[in-house]
Structures are given as structure tokens and as C-alpha cells.
$ cat target_33.cif   # mmCIF, C-alpha atoms and all ligand atoms
data_upload
#
loop_
_atom_site.label_atom_id
_atom_site.label_comp_id
_atom_site.auth_asym_id
_atom_site.auth_seq_id
_atom_site.Cartn_x
_atom_site.Cartn_y
_atom_site.Cartn_z
CA MET A 13 0.00 0.00 0.00
CA ASP A 14 1.27 3.47 -0.86
CA VAL A 15 1.48 6.13 1.80
CA HIS A 16 -1.50 8.44 1.30
CA HIS A 17 -0.47 11.08 3.85
CA VAL A 18 1.18 11.69 7.18
CA GLY A 19 -1.06 13.27 9.85
CA ILE A 20 0.33 15.81 12.30
CA ALA A 21 -1.54 17.13 15.35
CA VAL A 22 -1.09 20.89 15.68
CA GLU A 23 -2.30 23.65 17.97
CA ASN A 24 -2.48 26.30 15.25
CA LEU A 25 -2.70 25.53 11.53
CA GLU A 26 -1.18 28.79 10.27
CA ALA A 27 1.82 28.61 12.59
CA ALA A 28 2.38 24.89 12.09
CA ALA A 29 2.31 25.20 8.29
CA GLN A 30 5.12 27.77 8.07
CA PRO A 31 8.07 25.33 8.16
CA TYR A 32 6.45 23.24 5.40
CA PHE A 33 5.78 26.35 3.28
CA SER A 34 9.43 27.20 3.73
CA LEU A 35 10.33 23.69 2.48
CA GLY A 36 8.26 24.02 -0.71
CA TYR A 37 4.84 22.74 0.37
CA SER A 38 1.65 24.65 -0.28
CA LEU A 39 -1.94 24.46 0.90
CA GLU A 40 -3.85 22.10 -1.43
CA ALA A 41 -7.16 22.01 0.43
CA GLU A 42 -8.80 22.96 3.70
CA GLU A 43 -11.76 21.18 5.28
CA ARG A 44 -13.56 20.78 8.56
CA VAL A 45 -14.09 17.08 9.25
CA GLU A 46 -17.01 17.33 11.65
CA GLY A 47 -17.12 13.65 12.61
CA GLN A 48 -13.50 13.81 13.83
CA GLY A 49 -13.74 17.27 15.40
CA VAL A 50 -10.86 18.69 13.36
CA GLN A 51 -10.00 21.45 10.92
CA VAL A 52 -7.62 20.02 8.32
CA TRP A 53 -5.04 21.59 6.04
CA MET A 54 -3.69 19.24 3.37
CA LEU A 55 -0.25 20.34 2.21
CA THR A 56 1.37 19.09 -0.99
CA GLN A 57 4.54 19.70 -2.92
CA LYS A 58 4.43 20.44 -6.64
CA GLY A 59 5.55 17.46 -8.73
CA SER A 60 5.43 15.00 -5.85
CA GLY A 61 2.63 12.82 -4.49
CA THR A 62 3.60 13.55 -0.90
CA ARG A 63 0.86 14.87 1.35
CA ILE A 64 1.12 16.24 4.87
CA GLU A 65 -2.13 16.59 6.78
CA LEU A 66 -2.20 19.17 9.56
CA LEU A 67 -4.94 18.56 12.13
CA GLN A 68 -6.21 21.22 14.51
CA SER A 69 -8.88 20.24 17.00
CA VAL A 70 -12.15 22.16 16.97
CA ARG A 71 -13.69 20.22 19.89
CA GLU A 72 -12.39 19.62 23.40
CA ASP A 73 -13.25 15.91 23.25
CA SER A 74 -11.73 15.19 19.83
CA ALA A 75 -9.03 12.53 19.39
CA VAL A 76 -6.56 15.26 18.39
CA ALA A 77 -7.33 17.38 21.49
CA LYS A 78 -6.77 14.33 23.72
CA PHE A 79 -3.56 13.45 21.88
CA ILE A 80 -2.13 16.97 22.31
CA ALA A 81 -3.17 17.13 25.97
CA LYS A 82 -1.32 13.87 26.64
CA ARG A 83 1.68 14.03 24.30
CA GLY A 84 1.86 17.54 22.87
CA PRO A 85 1.73 18.40 19.16
CA GLY A 86 3.50 16.12 16.69
CA LEU A 87 3.25 13.10 14.40
CA HIS A 88 -0.21 11.64 14.86
CA HIS A 89 -0.85 8.94 12.24
CA LEU A 90 0.28 7.28 9.04
CA ALA A 91 -2.35 6.88 6.32
CA LEU A 92 -2.12 4.14 3.70
CA ALA A 93 -4.09 4.05 0.46
CA THR A 94 -6.26 1.13 -0.55
CA ALA A 95 -8.54 0.64 -3.53
CA ASP A 96 -11.04 -1.46 -1.54
CA ILE A 97 -11.30 -0.54 2.13
CA GLN A 98 -14.13 -2.99 2.90
CA ALA A 99 -12.14 -5.96 1.64
CA GLU A 100 -9.06 -4.77 3.52
CA LEU A 101 -11.01 -4.38 6.80
CA GLN A 102 -12.57 -7.84 6.45
CA ARG A 103 -9.14 -9.36 5.91
CA LEU A 104 -7.67 -7.50 8.90
CA LEU A 105 -10.62 -8.42 11.11
CA ALA A 106 -10.07 -12.10 10.29
CA GLU A 107 -6.42 -11.62 11.37
CA GLY A 108 -7.61 -10.20 14.68
CA ALA A 109 -6.35 -6.65 14.07
CA PRO A 110 -7.78 -4.13 16.60
CA LEU A 111 -9.89 -2.06 14.25
CA ILE A 112 -11.09 1.27 15.66
CA ASP A 113 -13.47 1.56 12.71
CA PRO A 114 -14.71 -1.88 11.61
CA VAL A 115 -17.04 0.12 9.36
CA PRO A 116 -15.38 2.88 7.32
CA ARG A 117 -16.46 6.48 7.88
CA PRO A 118 -16.18 9.61 5.74
CA GLY A 119 -12.91 11.49 6.16
CA PHE A 120 -11.07 14.32 4.47
CA GLY A 121 -12.06 14.94 0.85
CA GLY A 122 -15.07 12.63 1.16
CA HIS A 123 -12.79 9.55 1.19
CA LEU A 124 -13.86 6.53 3.19
CA VAL A 125 -11.37 6.02 6.03
CA ALA A 126 -10.82 3.61 8.92
CA PHE A 127 -8.32 3.69 11.79
CA ILE A 128 -6.42 0.80 13.37
CA HIS A 129 -5.35 1.03 17.03
CA PRO A 130 -1.67 1.96 17.58
CA LYS A 131 -1.09 -1.14 19.73
CA TRP A 132 -1.21 -3.20 16.50
CA ALA A 133 1.64 -1.47 14.65
CA GLY A 134 4.23 -0.77 17.31
CA GLY A 135 2.67 2.42 18.65
CA VAL A 136 1.74 3.90 15.26
CA LEU A 137 -1.88 4.86 14.63
CA LEU A 138 -2.68 3.65 11.09
CA GLU A 139 -5.42 4.98 8.84
CA LEU A 140 -6.68 3.27 5.70
CA VAL A 141 -7.95 5.61 2.99
CA GLN A 142 -10.01 4.38 0.08
CA THR A 143 -8.82 6.15 -3.02
CA ARG A 144 -11.35 5.00 -5.58
CA PRO A 145 -14.79 6.65 -5.70
N1 LIG A 201 -0.47 7.50 17.99
C1 LIG A 201 0.11 6.60 18.82
N2 LIG A 201 -0.38 6.31 20.05
C2 LIG A 201 -1.49 6.96 20.44
C3 LIG A 201 -2.15 7.89 19.62
C4 LIG A 201 -1.60 8.16 18.34
N3 LIG A 201 -2.16 9.03 17.51
N4 LIG A 201 -3.23 8.37 20.27
C5 LIG A 201 -3.26 7.76 21.47
N5 LIG A 201 -2.22 6.91 21.57
C6 LIG A 201 -1.87 6.06 22.69
C7 LIG A 201 -2.29 6.62 24.02
O1 LIG A 201 -1.35 7.57 24.45
C8 LIG A 201 -2.31 5.37 24.88
O2 LIG A 201 -0.99 5.07 25.26
P1 LIG A 201 -0.65 4.40 26.68
O3 LIG A 201 -1.47 3.14 26.74
O4 LIG A 201 0.81 4.17 26.62
O5 LIG A 201 -1.08 5.42 27.69
C9 LIG A 201 -2.73 4.29 23.92
O6 LIG A 201 -2.58 4.86 22.60
C10 LIG A 201 -4.14 3.78 24.06
O7 LIG A 201 -5.00 4.80 24.21
P2 LIG A 201 -6.55 4.45 24.54
O8 LIG A 201 -6.76 4.71 25.99
O9 LIG A 201 -6.95 3.13 23.98
O10 LIG A 201 -7.33 5.44 23.69
P3 LIG A 201 -7.28 7.00 23.59
O11 LIG A 201 -8.51 7.53 24.24
O12 LIG A 201 -5.96 7.60 23.93
O13 LIG A 201 -7.51 7.10 22.01
C11 LIG A 201 -7.21 6.22 19.85
C12 LIG A 201 -6.53 6.63 21.14
C13 LIG A 201 -6.09 5.96 18.84
C14 LIG A 201 -8.04 4.97 20.07
C15 LIG A 201 -8.15 7.41 19.39
O14 LIG A 201 -7.36 8.57 19.26
C16 LIG A 201 -8.85 7.14 18.09
O15 LIG A 201 -9.90 6.51 18.06
N6 LIG A 201 -8.28 7.60 16.95
C17 LIG A 201 -8.90 7.46 15.64
C18 LIG A 201 -9.52 8.73 15.15
C19 LIG A 201 -8.52 9.84 15.04
O16 LIG A 201 -7.38 9.75 15.45
N7 LIG A 201 -8.98 10.98 14.47
C20 LIG A 201 -8.16 12.13 14.25
C21 LIG A 201 -7.67 12.24 12.83
C22 LIG A 201 -8.81 12.66 11.91
C23 LIG A 201 -8.45 12.73 10.45
O17 LIG A 201 -7.34 12.36 10.02
O18 LIG A 201 -9.35 13.18 9.70
#

$ encode --input "target_33.cif" --output "C-alpha cells"
Amino acid sequence: MDVHHVGIAVENLEAAAQPYFSLGYSLEAEERVEGQGVQVWMLTQKGSGTRIELLQSVREDSAVAKFIAKRGPGLHHLALATADIQAELQRLLAEGAPLIDPVPRPGFGGHLVAFIHPKWAGGVLLELVQTRP
């Protein structure tokens, strides 16, 4: 699976984006993902498929707010692209993977997404992103 994006928990989108702007990234899209309680900036670099997703909490009880309260801002998750998220989740469920979202939910850009608990992948929160419509 290709890396779809890297998610970073931030306290302030504008301030957090500056180092990436300085390194050649620009703002591709902005969206409020209500179900996750976050405002998202997706940063990309011209000519490369690399995406960096900055996540600012807009709700006190959001996963990102809890993460920052406990660990401070920083790397939050690694997102991997799949063409068929349902099939992937069924396969992982059969393997006993600790799925946070056994049923995919809408994420940034209207993509279907599903998270897997960090205890499964050595402390890394994984997100599957379905890339086909
Ligand atoms: N990466 C790695 N570890 C993490 C983590 C993260 N992003 N978030 C929490 N943890 C750690 C906790 O610190 C805790 O560690 P310890 O056991 O050592 O204390 C451990 O995971 C287990 O935590 P938990 O008590 O099971 O659950 P939490 O209430 O801390 O929630 C998690 C953690 C991953 C289940 C929750 O954040 C979640 O459901 N995440 C999925 C949704 C999400 O992250 N949304 C934000 C992104 C939205 C987007 O990209 O659009």
C-alpha cells in the first residue's frame, strides 16, 4: 500500500504550516471534518505525491485534542491508500487486528477512512484511505 499522507496534530494551523511552506509545500485544500472534530489543512509539494495533513482540534473531546493534551503536538498517524477498504477491513478483522473503525467512515475529501489502534503497529496509529470513488 502506498502512503497516502502523514497526519500531524497541531495547535495552530497557520503557525504549524510555516516550516512546510518554507520547504516548498503549499496548501492544497482545507476542510472541517465534523465527525472527527478537526480542521484540516492538506499540504502538498508540486511534482510530488507527498501529502502532509495538519490537524487542529475544533472540539475539546476530539481525538486530536486528547492526543495533544497527553503528548503535545506532533506526528499523529500514518495513512495508507487502498482501492477497496471494505475488503481490507474484512481481511484485517479475520487476522484479529484491533480495528477502531470496523465500518469505514467519511474522512477528508469525502474519502472513506478507517483507523487501526496503535497497539497493532508498534505504537503507530494507522489509517486506511479508500482512493477510488
Ligand atoms: N499514535 C500513537 N499512540 C497513540 C495515539 C496516536 N495518535 N493516540 C493515542 N495513543 C496512545 C495513548 O497515548 C495510549 O498510550 P498508553 O497506553 O501508553 O497510555 C494508547 O494509545 C491507548 O490509548 P486508549 O486509551 O486506547 O485510547 P485513547 O482515548 O488515547 O484514544 C485512539 C486513542 C487511537 C483509540 C483514538 O485517538 C482514536 O480513536 N483515533 C482514531 C480517530 C482519530 O485519530 N482521528 C483524528 C484524525 C482525523 C483525520 O485524520 O481526519

$ closest_residue --input "target_33.cif" --among "A:Leu124, A:Ala75, A:Leu138, A:Leu111" --to "ligand LIG 201 (chain A)" --atoms "only C-alpha atoms and all ligand atoms"
A:Ala75

$ closest_residue --input "target_33.cif" --among "A:Ala126, A:His89, A:Arg117, A:Arg144" --to "Gly19 in chain A" --atoms "all atoms listed in the file"
A:His89

$ closest_atom_pairs --input "target_33.cif" --of "chain A" --to "ligand LIG 201 (chain A)" --cutoff "6 Å" --atoms "all atoms listed in the file" --output "CSV"
residue,atom,partner,partner_atom,distance
A:Gln48,CA,A:LIG201,C22,5.2
A:Ala75,CA,A:LIG201,O14,4.3
A:Val76,CA,A:LIG201,C20,5.4
A:Phe79,CA,A:LIG201,N4,5.3
A:His88,CA,A:LIG201,N3,4.2
A:His89,CA,A:LIG201,N3,5.4
A:Ile112,CA,A:LIG201,O15,5.9
A:Gly119,CA,A:LIG201,O18,5.3
A:Phe120,CA,A:LIG201,O18,5.6
A:Phe127,CA,A:LIG201,C17,5.4
A:His129,CA,A:LIG201,C13,5.3
A:Pro130,CA,A:LIG201,C1,5.1
A:Gly135,CA,A:LIG201,C1,4.9
A:Val136,CA,A:LIG201,C1,4.8
A:Leu137,CA,A:LIG201,N1,4.5

$ write_last_selection --input "target_33.cif" --atoms "C-alpha atoms" --output "PDB file, in the frame of the given file"
ATOM      1  CA  GLN A  48     -13.500  13.810  13.830  1.00  0.00           C
ATOM      2  CA  ALA A  75      -9.030  12.530  19.390  1.00  0.00           C
ATOM      3  CA  VAL A  76      -6.560  15.260  18.390  1.00  0.00           C
ATOM      4  CA  PHE A  79      -3.560  13.450  21.880  1.00  0.00           C
ATOM      5  CA  HIS A  88      -0.210  11.640  14.860  1.00  0.00           C
ATOM      6  CA  HIS A  89      -0.850   8.940  12.240  1.00  0.00           C
ATOM      7  CA  ILE A 112     -11.090   1.270  15.660  1.00  0.00           C
ATOM      8  CA  GLY A 119     -12.910  11.490   6.160  1.00  0.00           C
ATOM      9  CA  PHE A 120     -11.070  14.320   4.470  1.00  0.00           C
ATOM     10  CA  PHE A 127      -8.320   3.690  11.790  1.00  0.00           C
ATOM     11  CA  HIS A 129      -5.350   1.030  17.030  1.00  0.00           C
ATOM     12  CA  PRO A 130      -1.670   1.960  17.580  1.00  0.00           C
ATOM     13  CA  GLY A 135       2.670   2.420  18.650  1.00  0.00           C
ATOM     14  CA  VAL A 136       1.740   3.900  15.260  1.00  0.00           C
ATOM     15  CA  LEU A 137      -1.880   4.860  14.630  1.00  0.00           C
TER      16      LEU A 137
END

$ residues_near_point --input "target_33.cif" --point "(10.5, 24.2, -2.4)" --cutoff "8 Å" --atoms "only C-alpha atoms" --output "JSON, numbers by chain"
{"A": [33, 34, 35, 36, 37, 57]}

$ closest_residue --input "target_33.cif" --among "A:Pro110, A:Ile97, A:Ala21, A:Leu67" --to "Pro85 in chain A" --atoms "all atoms listed in the file"
A:Ala21

$ atom_distance --input "target_33.cif" --atom1 "CA of Glu40 in chain A" --atom2 "CA of Val18 in chain A"
14.4 Å

$ residues_around --input "target_33.cif" --residues "Trp53 in chain A" --least-positions-apart "5" --cutoff "10 Å" --atoms "all atoms listed in the file" --output "PyMOL selection string"
chain A and resi 19+25-26+29+38-44+64-68+120

$ decode --input "target_33.cif" --residues "range 20-96 of chain A" --atoms "C-alpha atoms" --output "PDB file, in the first residue's frame"
ATOM      1  CA  ILE A  20       0.330  15.813  12.300  1.00  0.00           C
ATOM      2  CA  ALA A  21      -1.538  17.127  15.346  1.00  0.00           C
ATOM      3  CA  VAL A  22      -1.089  20.887  15.681  1.00  0.00           C
ATOM      4  CA  GLU A  23      -2.296  23.655  17.970  1.00  0.00           C
ATOM      5  CA  ASN A  24      -2.475  26.299  15.251  1.00  0.00           C
ATOM      6  CA  LEU A  25      -2.698  25.532  11.527  1.00  0.00           C
ATOM      7  CA  GLU A  26      -1.176  28.791  10.268  1.00  0.00           C
ATOM      8  CA  ALA A  27       1.819  28.612  12.589  1.00  0.00           C
ATOM      9  CA  ALA A  28       2.383  24.887  12.093  1.00  0.00           C
ATOM     10  CA  ALA A  29       2.310  25.196   8.289  1.00  0.00           C
ATOM     11  CA  GLN A  30       5.116  27.775   8.070  1.00  0.00           C
ATOM     12  CA  PRO A  31       8.075  25.334   8.163  1.00  0.00           C
ATOM     13  CA  TYR A  32       6.450  23.245   5.400  1.00  0.00           C
ATOM     14  CA  PHE A  33       5.778  26.351   3.277  1.00  0.00           C
ATOM     15  CA  SER A  34       9.430  27.199   3.725  1.00  0.00           C
ATOM     16  CA  LEU A  35      10.333  23.694   2.485  1.00  0.00           C
ATOM     17  CA  GLY A  36       8.264  24.021  -0.711  1.00  0.00           C
ATOM     18  CA  TYR A  37       4.838  22.745   0.369  1.00  0.00           C
ATOM     19  CA  SER A  38       1.648  24.652  -0.280  1.00  0.00           C
ATOM     20  CA  LEU A  39      -1.941  24.456   0.903  1.00  0.00           C
ATOM     21  CA  GLU A  40      -3.853  22.101  -1.428  1.00  0.00           C
ATOM     22  CA  ALA A  41      -7.162  22.011   0.425  1.00  0.00           C
ATOM     23  CA  GLU A  42      -8.801  22.959   3.704  1.00  0.00           C
ATOM     24  CA  GLU A  43     -11.757  21.183   5.279  1.00  0.00           C
ATOM     25  CA  ARG A  44     -13.564  20.784   8.563  1.00  0.00           C
ATOM     26  CA  VAL A  45     -14.089  17.076   9.254  1.00  0.00           C
ATOM     27  CA  GLU A  46     -17.006  17.332  11.649  1.00  0.00           C
ATOM     28  CA  GLY A  47     -17.120  13.649  12.614  1.00  0.00           C
ATOM     29  CA  GLN A  48     -13.504  13.809  13.833  1.00  0.00           C
ATOM     30  CA  GLY A  49     -13.739  17.266  15.401  1.00  0.00           C
ATOM     31  CA  VAL A  50     -10.864  18.685  13.364  1.00  0.00           C
ATOM     32  CA  GLN A  51      -9.998  21.448  10.918  1.00  0.00           C
ATOM     33  CA  VAL A  52      -7.622  20.020   8.318  1.00  0.00           C
ATOM     34  CA  TRP A  53      -5.041  21.589   6.037  1.00  0.00           C
ATOM     35  CA  MET A  54      -3.692  19.243   3.370  1.00  0.00           C
ATOM     36  CA  LEU A  55      -0.251  20.339   2.210  1.00  0.00           C
ATOM     37  CA  THR A  56       1.372  19.088  -0.991  1.00  0.00           C
ATOM     38  CA  GLN A  57       4.541  19.696  -2.916  1.00  0.00           C
ATOM     39  CA  LYS A  58       4.434  20.440  -6.637  1.00  0.00           C
ATOM     40  CA  GLY A  59       5.545  17.465  -8.727  1.00  0.00           C
ATOM     41  CA  SER A  60       5.427  15.003  -5.849  1.00  0.00           C
ATOM     42  CA  GLY A  61       2.633  12.823  -4.493  1.00  0.00           C
ATOM     43  CA  THR A  62       3.600  13.545  -0.902  1.00  0.00           C
ATOM     44  CA  ARG A  63       0.859  14.875   1.347  1.00  0.00           C
ATOM     45  CA  ILE A  64       1.122  16.244   4.866  1.00  0.00           C
ATOM     46  CA  GLU A  65      -2.134  16.592   6.776  1.00  0.00           C
ATOM     47  CA  LEU A  66      -2.198  19.168   9.563  1.00  0.00           C
ATOM     48  CA  LEU A  67      -4.941  18.565  12.135  1.00  0.00           C
ATOM     49  CA  GLN A  68      -6.212  21.224  14.513  1.00  0.00           C
ATOM     50  CA  SER A  69      -8.879  20.239  17.005  1.00  0.00           C
ATOM     51  CA  VAL A  70     -12.146  22.160  16.968  1.00  0.00           C
ATOM     52  CA  ARG A  71     -13.688  20.220  19.893  1.00  0.00           C
ATOM     53  CA  GLU A  72     -12.389  19.615  23.404  1.00  0.00           C
ATOM     54  CA  ASP A  73     -13.251  15.912  23.250  1.00  0.00           C
ATOM     55  CA  SER A  74     -11.727  15.186  19.833  1.00  0.00           C
ATOM     56  CA  ALA A  75      -9.028  12.531  19.387  1.00  0.00           C
ATOM     57  CA  VAL A  76      -6.558  15.262  18.390  1.00  0.00           C
ATOM     58  CA  ALA A  77      -7.327  17.385  21.485  1.00  0.00           C
ATOM     59  CA  LYS A  78      -6.770  14.329  23.724  1.00  0.00           C
ATOM     60  CA  PHE A  79      -3.560  13.451  21.876  1.00  0.00           C
ATOM     61  CA  ILE A  80      -2.133  16.973  22.306  1.00  0.00           C
ATOM     62  CA  ALA A  81      -3.170  17.130  25.965  1.00  0.00           C
ATOM     63  CA  LYS A  82      -1.324  13.873  26.641  1.00  0.00           C
ATOM     64  CA  ARG A  83       1.676  14.027  24.298  1.00  0.00           C
ATOM     65  CA  GLY A  84       1.860  17.543  22.869  1.00  0.00           C
ATOM     66  CA  PRO A  85       1.727  18.395  19.162  1.00  0.00           C
ATOM     67  CA  GLY A  86       3.498  16.118  16.694  1.00  0.00           C
ATOM     68  CA  LEU A  87       3.248  13.102  14.402  1.00  0.00           C
ATOM     69  CA  HIS A  88      -0.215  11.637  14.855  1.00  0.00           C
ATOM     70  CA  HIS A  89      -0.847   8.943  12.242  1.00  0.00           C
ATOM     71  CA  LEU A  90       0.284   7.285   9.040  1.00  0.00           C
ATOM     72  CA  ALA A  91      -2.349   6.880   6.323  1.00  0.00           C
ATOM     73  CA  LEU A  92      -2.122   4.140   3.698  1.00  0.00           C
ATOM     74  CA  ALA A  93      -4.090   4.054   0.461  1.00  0.00           C
ATOM     75  CA  THR A  94      -6.258   1.130  -0.549  1.00  0.00           C
ATOM     76  CA  ALA A  95      -8.538   0.640  -3.532  1.00  0.00           C
ATOM     77  CA  ASP A  96     -11.036  -1.457  -1.542  1.00  0.00           C
TER      78      ASP A  96
END
